[in-house]
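Q: Structure file input_5.cif, mmCIF, C-alpha atoms, is pasted below:
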```cif
data_final
loop_
_atom_site.group_PDB
_atom_site.id
_atom_site.type_symbol
_atom_site.label_atom_id
_atom_site.label_comp_id
_atom_site.auth_asym_id
_atom_site.auth_seq_id
_atom_site.Cartn_x
_atom_site.Cartn_y
_atom_site.Cartn_z
ATOM 1 C CA MET A 122 -21.943 -69.587 -90.486
ATOM 2 C CA ASN A 123 -22.184 -66.365 -88.479
ATOM 3 C CA TYR A 124 -21.770 -66.579 -84.756
ATOM 4 C CA SER A 125 -22.634 -63.899 -82.224
ATOM 5 C CA PRO A 126 -19.651 -61.669 -81.312
ATOM 6 C CA ASP A 127 -19.148 -63.349 -77.952
ATOM 7 C CA TYR A 128 -19.185 -66.875 -79.370
ATOM 8 C CA TYR A 129 -15.410 -67.076 -79.636
ATOM 9 C CA MET A 130 -15.018 -65.554 -76.209
ATOM 10 C CA ARG A 131 -17.182 -68.288 -74.759
ATOM 11 C CA ARG A 132 -15.514 -71.047 -76.746
ATOM 12 C CA ARG A 133 -11.954 -69.849 -76.279
ATOM 13 C CA ASN A 134 -11.072 -72.050 -73.325
ATOM 14 C CA GLU A 135 -12.913 -75.081 -74.657
ATOM 15 C CA ASP A 136 -11.205 -75.025 -78.039
ATOM 16 C CA CYS A 137 -7.716 -74.688 -76.691
ATOM 17 C CA ASP A 138 -5.994 -77.920 -75.723
ATOM 18 C CA CYS A 139 -2.901 -76.347 -74.246
ATOM 19 C CA SER A 140 -4.440 -76.314 -70.776
ATOM 20 C CA GLN A 141 -4.358 -80.089 -70.648
ATOM 21 C CA ASP A 142 -1.336 -81.774 -69.131
ATOM 22 C CA THR A 143 -0.599 -83.629 -72.336
ATOM 23 C CA PRO A 144 -2.144 -82.173 -75.461
ATOM 24 C CA PRO A 145 -3.535 -84.862 -77.796
ATOM 25 C CA ALA A 146 -1.090 -84.039 -80.604
ATOM 26 C CA MET A 147 1.847 -84.112 -78.226
ATOM 27 C CA ALA A 148 0.677 -87.390 -76.719
ATOM 28 C CA ARG A 149 0.767 -89.049 -80.123
ATOM 29 C CA GLU A 150 4.206 -87.673 -80.791
ATOM 30 C CA ASN A 151 5.461 -88.947 -77.463
ATOM 31 C CA ALA A 152 4.039 -92.391 -78.203
ATOM 32 C CA ASN A 153 5.913 -92.538 -81.524
ATOM 33 C CA ASN A 154 9.141 -91.551 -79.848
ATOM 34 C CA ARG A 155 8.844 -93.932 -76.934
ATOM 35 C CA GLY A 156 11.913 -96.082 -76.398
ATOM 36 C CA MET A 157 13.914 -94.391 -79.118
ATOM 37 C CA GLY A 158 15.952 -92.323 -76.710
ATOM 38 C CA ARG A 159 14.953 -89.006 -78.211
ATOM 39 C CA MET A 160 12.955 -87.802 -75.205
ATOM 40 C CA PRO A 161 14.113 -88.043 -71.612
ATOM 41 C CA ARG A 162 11.743 -90.366 -69.751
ATOM 42 C CA ASN A 163 11.637 -88.294 -66.589
ATOM 43 C CA MET A 164 10.533 -85.096 -68.340
ATOM 44 C CA ASN A 165 7.091 -84.046 -67.208
ATOM 45 C CA VAL A 166 6.524 -81.615 -70.053
ATOM 46 C CA SER A 167 8.219 -81.987 -73.399
ATOM 47 C CA PRO A 168 9.892 -78.971 -75.071
ATOM 48 C CA MET A 169 7.370 -79.238 -77.870
ATOM 49 C CA ALA A 170 4.494 -79.082 -75.415
ATOM 50 C CA GLU A 171 6.062 -75.998 -73.844
ATOM 51 C CA ALA A 172 6.425 -74.424 -77.262
ATOM 52 C CA ALA A 173 2.805 -75.250 -78.037
ATOM 53 C CA LYS A 174 1.702 -73.619 -74.801
ATOM 54 C CA ALA A 175 3.729 -70.503 -75.516
ATOM 55 C CA ARG A 176 2.326 -70.344 -79.059
ATOM 56 C CA CYS A 177 -1.178 -70.882 -77.778
ATOM 57 C CA SER A 178 -0.732 -68.220 -75.129
ATOM 58 C CA PHE A 179 0.403 -65.754 -77.786
ATOM 59 C CA ASN A 180 -2.530 -66.634 -80.037
ATOM 60 C CA ARG A 181 -4.923 -66.395 -77.143
ATOM 61 C CA GLN A 182 -3.846 -62.819 -76.451
ATOM 62 C CA ALA A 183 -4.122 -61.911 -80.113
ATOM 63 C CA ASN A 184 -7.492 -63.582 -80.426
ATOM 64 C CA THR A 185 -8.798 -61.844 -77.342
ATOM 65 C CA ARG A 186 -7.895 -58.453 -78.764
ATOM 66 C CA GLU A 187 -9.526 -59.232 -82.114
ATOM 67 C CA GLU A 188 -12.602 -60.585 -80.416
ATOM 68 C CA LEU A 189 -12.943 -57.470 -78.268
ATOM 69 C CA ASP A 190 -12.711 -55.323 -81.386
ATOM 70 C CA ALA A 191 -15.701 -57.234 -82.757
ATOM 71 C CA PHE A 192 -17.953 -56.013 -79.943
ATOM 72 C CA PRO A 193 -20.012 -52.835 -80.284
ATOM 73 C CA PRO A 194 -18.941 -49.842 -78.149
ATOM 74 C CA GLY A 195 -20.085 -50.074 -74.533
ATOM 75 C CA MET A 196 -23.413 -48.588 -73.601
ATOM 76 C CA ALA A 197 -24.355 -48.081 -69.957
ATOM 77 C CA TYR A 198 -27.822 -47.467 -68.607
ATOM 78 C CA VAL A 199 -28.664 -45.962 -65.225
ATOM 79 C CA PRO A 200 -32.322 -45.631 -64.231
ATOM 80 C CA TRP A 201 -33.403 -42.026 -63.715
ATOM 81 C CA GLN A 202 -33.674 -41.274 -60.023
ATOM 82 C CA VAL A 203 -36.849 -39.665 -58.710
ATOM 83 C CA TRP A 204 -37.013 -37.473 -55.602
ATOM 84 C CA GLN A 205 -38.969 -39.736 -53.294
ATOM 85 C CA ASP A 206 -38.996 -41.804 -50.127
ATOM 86 C CA LEU A 207 -36.386 -39.947 -48.100
ATOM 87 C CA TYR A 208 -34.963 -40.805 -44.713
ATOM 88 C CA ASP A 209 -34.978 -38.116 -42.066
ATOM 89 C CA PRO A 210 -31.593 -36.350 -42.085
ATOM 90 C CA GLU A 211 -30.798 -37.777 -38.631
ATOM 91 C CA GLU A 212 -31.497 -41.266 -39.920
ATOM 92 C CA GLY A 213 -29.682 -40.791 -43.223
ATOM 93 C CA LEU A 214 -26.380 -39.517 -41.813
ATOM 94 C CA PRO A 215 -25.228 -42.809 -40.199
ATOM 95 C CA ILE A 216 -26.661 -44.800 -43.122
ATOM 96 C CA GLY A 217 -24.766 -42.729 -45.640
ATOM 97 C CA THR A 218 -27.657 -41.599 -47.827
ATOM 98 C CA ILE A 219 -30.960 -39.822 -47.417
ATOM 99 C CA PHE A 220 -32.407 -41.831 -50.303
ATOM 100 C CA ARG A 221 -34.043 -45.021 -49.080
ATOM 101 C CA GLU A 222 -33.838 -46.590 -52.546
ATOM 102 C CA LEU A 223 -30.042 -46.162 -52.525
ATOM 103 C CA ASP A 224 -29.636 -47.806 -49.130
ATOM 104 C CA TYR A 225 -28.042 -51.107 -50.065
ATOM 105 C CA PRO A 226 -26.535 -53.532 -47.555
ATOM 106 C CA TRP A 227 -22.876 -52.724 -48.219
ATOM 107 C CA GLU A 228 -20.719 -54.846 -45.953
ATOM 108 C CA VAL A 229 -17.715 -52.536 -45.872
ATOM 109 C CA GLY A 230 -17.554 -48.968 -44.700
ATOM 110 C CA ARG A 231 -20.927 -48.578 -43.093
ATOM 111 C CA CYS A 232 -21.062 -46.641 -39.855
ATOM 112 C CA LYS A 233 -21.583 -49.195 -37.082
ATOM 113 C CA ARG A 234 -23.958 -47.188 -34.949
ATOM 114 C CA MET B 164 -20.153 -26.792 -17.941
ATOM 115 C CA ARG B 165 -21.588 -30.227 -18.641
ATOM 116 C CA ASN B 166 -24.684 -28.659 -20.098
ATOM 117 C CA GLN B 167 -22.553 -26.430 -22.304
ATOM 118 C CA HIS B 168 -20.613 -29.486 -23.512
ATOM 119 C CA ASN B 169 -23.853 -31.205 -24.464
ATOM 120 C CA THR B 170 -25.055 -28.161 -26.288
ATOM 121 C CA ARG B 171 -21.789 -27.983 -28.184
ATOM 122 C CA GLU B 172 -22.035 -31.661 -29.148
ATOM 123 C CA ALA B 173 -25.688 -31.344 -30.054
ATOM 124 C CA LEU B 174 -24.985 -28.318 -32.218
ATOM 125 C CA MET B 175 -22.099 -30.080 -33.973
ATOM 126 C CA GLN B 176 -24.348 -33.073 -34.631
ATOM 127 C CA LYS B 177 -26.919 -30.762 -36.208
ATOM 128 C CA ILE B 178 -24.207 -29.218 -38.377
ATOM 129 C CA TYR B 179 -23.091 -32.651 -39.569
ATOM 130 C CA THR B 180 -26.635 -33.845 -40.145
ATOM 131 C CA TYR B 181 -27.999 -30.837 -42.026
ATOM 132 C CA GLY B 182 -24.745 -30.381 -43.919
ATOM 133 C CA PHE B 183 -24.913 -33.975 -45.090
ATOM 134 C CA ALA B 184 -28.561 -33.664 -46.157
ATOM 135 C CA MET B 185 -27.694 -30.447 -47.987
ATOM 136 C CA TYR B 186 -24.922 -32.169 -49.967
ATOM 137 C CA GLU B 187 -27.185 -35.113 -50.767
ATOM 138 C CA ALA B 188 -29.663 -32.687 -52.274
ATOM 139 C CA CYS B 189 -26.781 -31.037 -54.161
ATOM 140 C CA LEU B 190 -25.799 -34.344 -55.765
ATOM 141 C CA PHE B 191 -29.382 -34.962 -56.841
ATOM 142 C CA LEU B 192 -29.829 -31.420 -58.131
ATOM 143 C CA ASP B 193 -26.676 -31.675 -60.248
ATOM 144 C CA THR B 194 -28.630 -34.036 -62.487
ATOM 145 C CA HIS B 195 -32.142 -32.728 -61.713
ATOM 146 C CA PRO B 196 -31.699 -28.928 -61.595
ATOM 147 C CA CYS B 197 -35.397 -28.224 -62.125
ATOM 148 C CA ASP B 198 -36.777 -30.519 -59.444
ATOM 149 C CA ILE B 199 -39.013 -28.322 -57.259
ATOM 150 C CA GLU B 200 -39.150 -30.661 -54.271
ATOM 151 C CA ALA B 201 -35.404 -31.203 -54.250
ATOM 152 C CA ARG B 202 -34.765 -27.467 -54.423
ATOM 153 C CA ALA B 203 -37.172 -26.852 -51.544
ATOM 154 C CA TYR B 204 -35.453 -29.598 -49.550
ATOM 155 C CA TYR B 205 -32.046 -28.096 -50.265
ATOM 156 C CA SER B 206 -33.231 -24.665 -49.124
ATOM 157 C CA SER B 207 -34.649 -25.963 -45.875
ATOM 158 C CA MET B 208 -31.532 -28.007 -45.106
ATOM 159 C CA ARG B 209 -29.281 -25.082 -45.951
ATOM 160 C CA ASP B 210 -31.272 -22.802 -43.637
ATOM 161 C CA ALA B 211 -31.101 -25.374 -40.829
ATOM 162 C CA TYR B 212 -27.359 -25.806 -41.433
ATOM 163 C CA LYS B 213 -26.721 -22.083 -41.390
ATOM 164 C CA GLU B 214 -28.780 -21.608 -38.256
ATOM 165 C CA ALA B 215 -26.862 -24.327 -36.393
ATOM 166 C CA ALA B 216 -23.510 -23.139 -37.740
ATOM 167 C CA ASP B 217 -24.203 -19.500 -36.825
ATOM 168 C CA GLN B 218 -25.235 -20.492 -33.318
ATOM 169 C CA TYR B 219 -22.122 -22.627 -32.939
ATOM 170 C CA LYS B 220 -19.841 -19.858 -34.154
ATOM 171 C CA MET B 221 -21.469 -17.358 -31.824
ATOM 172 C CA GLU B 222 -21.162 -19.562 -28.763
ATOM 173 C CA PHE B 223 -18.076 -21.701 -29.363
ATOM 174 C CA GLY B 224 -15.916 -20.092 -31.997
ATOM 175 C CA PRO B 225 -15.067 -20.462 -35.659
ATOM 176 C CA LEU B 226 -15.888 -23.571 -37.675
ATOM 177 C CA HIS B 227 -13.894 -22.576 -40.739
ATOM 178 C CA ILE B 228 -10.835 -20.421 -41.116
ATOM 179 C CA SER B 229 -12.994 -17.849 -42.907
ATOM 180 C CA ASP B 230 -15.089 -17.482 -39.744
ATOM 181 C CA VAL B 231 -12.183 -16.067 -37.779
ATOM 182 C CA ASP B 232 -12.462 -12.447 -36.759
ATOM 183 C CA ALA B 233 -8.844 -11.418 -36.318
ATOM 184 C CA SER B 234 -9.531 -7.855 -35.192
ATOM 185 C CA THR B 235 -8.707 -8.455 -31.520
ATOM 186 C CA TYR B 236 -7.109 -11.890 -31.287
ATOM 187 C CA TRP B 237 -6.371 -14.969 -33.390
ATOM 188 C CA THR B 238 -9.379 -16.922 -32.081
ATOM 189 C CA TRP B 239 -8.698 -19.905 -34.327
ATOM 190 C CA LEU B 240 -6.324 -21.093 -31.574
ATOM 191 C CA ASP B 241 -8.975 -21.057 -28.842
ATOM 192 C CA ASP B 242 -9.384 -24.307 -26.904
ATOM 193 C CA PRO B 243 -10.454 -26.991 -26.915
ATOM 194 C CA TRP B 244 -9.277 -28.532 -30.170
ATOM 195 C CA PRO B 245 -10.964 -31.786 -31.234
ATOM 196 C CA TRP B 246 -8.117 -33.910 -29.850
ATOM 197 C CA GLU B 247 -8.341 -31.985 -26.591
ATOM 198 C CA GLY B 248 -11.927 -32.969 -25.939
ATOM 199 C CA GLY B 249 -13.659 -30.580 -28.282
ATOM 200 C CA SER B 250 -16.541 -32.130 -30.187
ATOM 201 C CA CYS B 251 -15.667 -33.482 -33.585
#
```
Turn this file's structure into structure tokens for me.

A:
Amino acid sequence: MNYSPDYYMRRRNEDCDCSQDTPPAMARENANNRGMGRMPRNMNVSPMAEAAKARCSFNRQANTREELDAFPPGMAYVPWQVWQDLYDPEEGLPIGTIFRELDYPWEVGRCKR
Amino acid sequence: MRNQHNTREALMQKIYTYGFAMYEACLFLDTHPCDIEARAYYSSMRDAYKEAADQYKMEFGPLHISDVDASTYWTWLDDPWPWEGGSC
């Protein structure tokens, strides 16, 4: 079955179980070992779980790179500006543009006059 | 003296305003070099800028280092500088 290029990007976090405190596979392993003295009881994360996380982290990076390579090259589109609807120069100077259609409510850097 | 100060400030404000409008038109014309209205706007703003700048230079001294006439004195040093109360 063919998925769209971003399918794996979207599913990446859902598919990976390393983000859980106790991955399902590790939980089963811990249950089998319980009481046999092979795992310290006070360990929050088992060495195998750590190894799984490290492996998963490595695979995640590799997967991300492969997934990005599957995307088409970026294409940007900027609407063509038309000479219209100007502010007076005196009005435009403190606003930062003479073009009314480019006057957006930026919160930072605007002249507070 | 007060009146002269106001005139100096008013002239500087015109220089800022028309200079800014001129550069706005420049940015537009870089991508729209054939736009008749934009070119007319640029010309009018440039004329207004030059008129204000020439008047300022005549009455209050050089705006740019290239405005300095060094034939009699190094007028670039004439007071007041912006941090000494000159308009800026």

Q: Pick out the residues sitting within 12 Å of Asp241 in chain B, and hand them over as a list in words; count only C-alpha atoms, and ignore anything fewer than 6 positions along from it in its own chain.

A: Phe223, Gly224, Pro225, Leu226, Val231, Glu247 and Gly249 of chain B

Q: For CA of Asp224 in chain A and CA of Glu214 in chain B, determine how far apart the two atoms are, in Å to one decimal place.

A: 28.4 Å

Q: Quick one: residues within 10 Å of Ile199 in chain B, only C-alpha atoms counted, chain neighbours fewer than 6 positions away excluded, as JSON, numbers by chain?

A: {"A": [204], "B": [192, 205]}

Q: Find the residue from B:Ser207, B:Pro196, B:Ala201, B:Arg171 that sits nearest to chain A; use all atoms listed in the file when measuring.

A: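 Once distances to chain A are computed over all atoms listed in the file, the minimum belongs to B:Ala201.
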
Q: Identify all chain B residues at most 12 Å from chain A by counting only C-alpha atoms; ligands do not count. Present them as a PyMOL selection string.

A: chain B and resi 173+176-205+207-208+211-212

Q: May I ask for the distance between CA of Leu174 in chain B and CA of Ser206 in chain B, given in Å to one decimal place?

A: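 That distance, rounded to one decimal, is 19.2 Å.
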
Q: Between CA of Ala216 in chain B and CA of Thr170 in chain B, measure the distance and give it in Å to one decimal.

A: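 Separating CA of Ala216 in chain B from CA of Thr170 in chain B is a distance of 12.6 Å.
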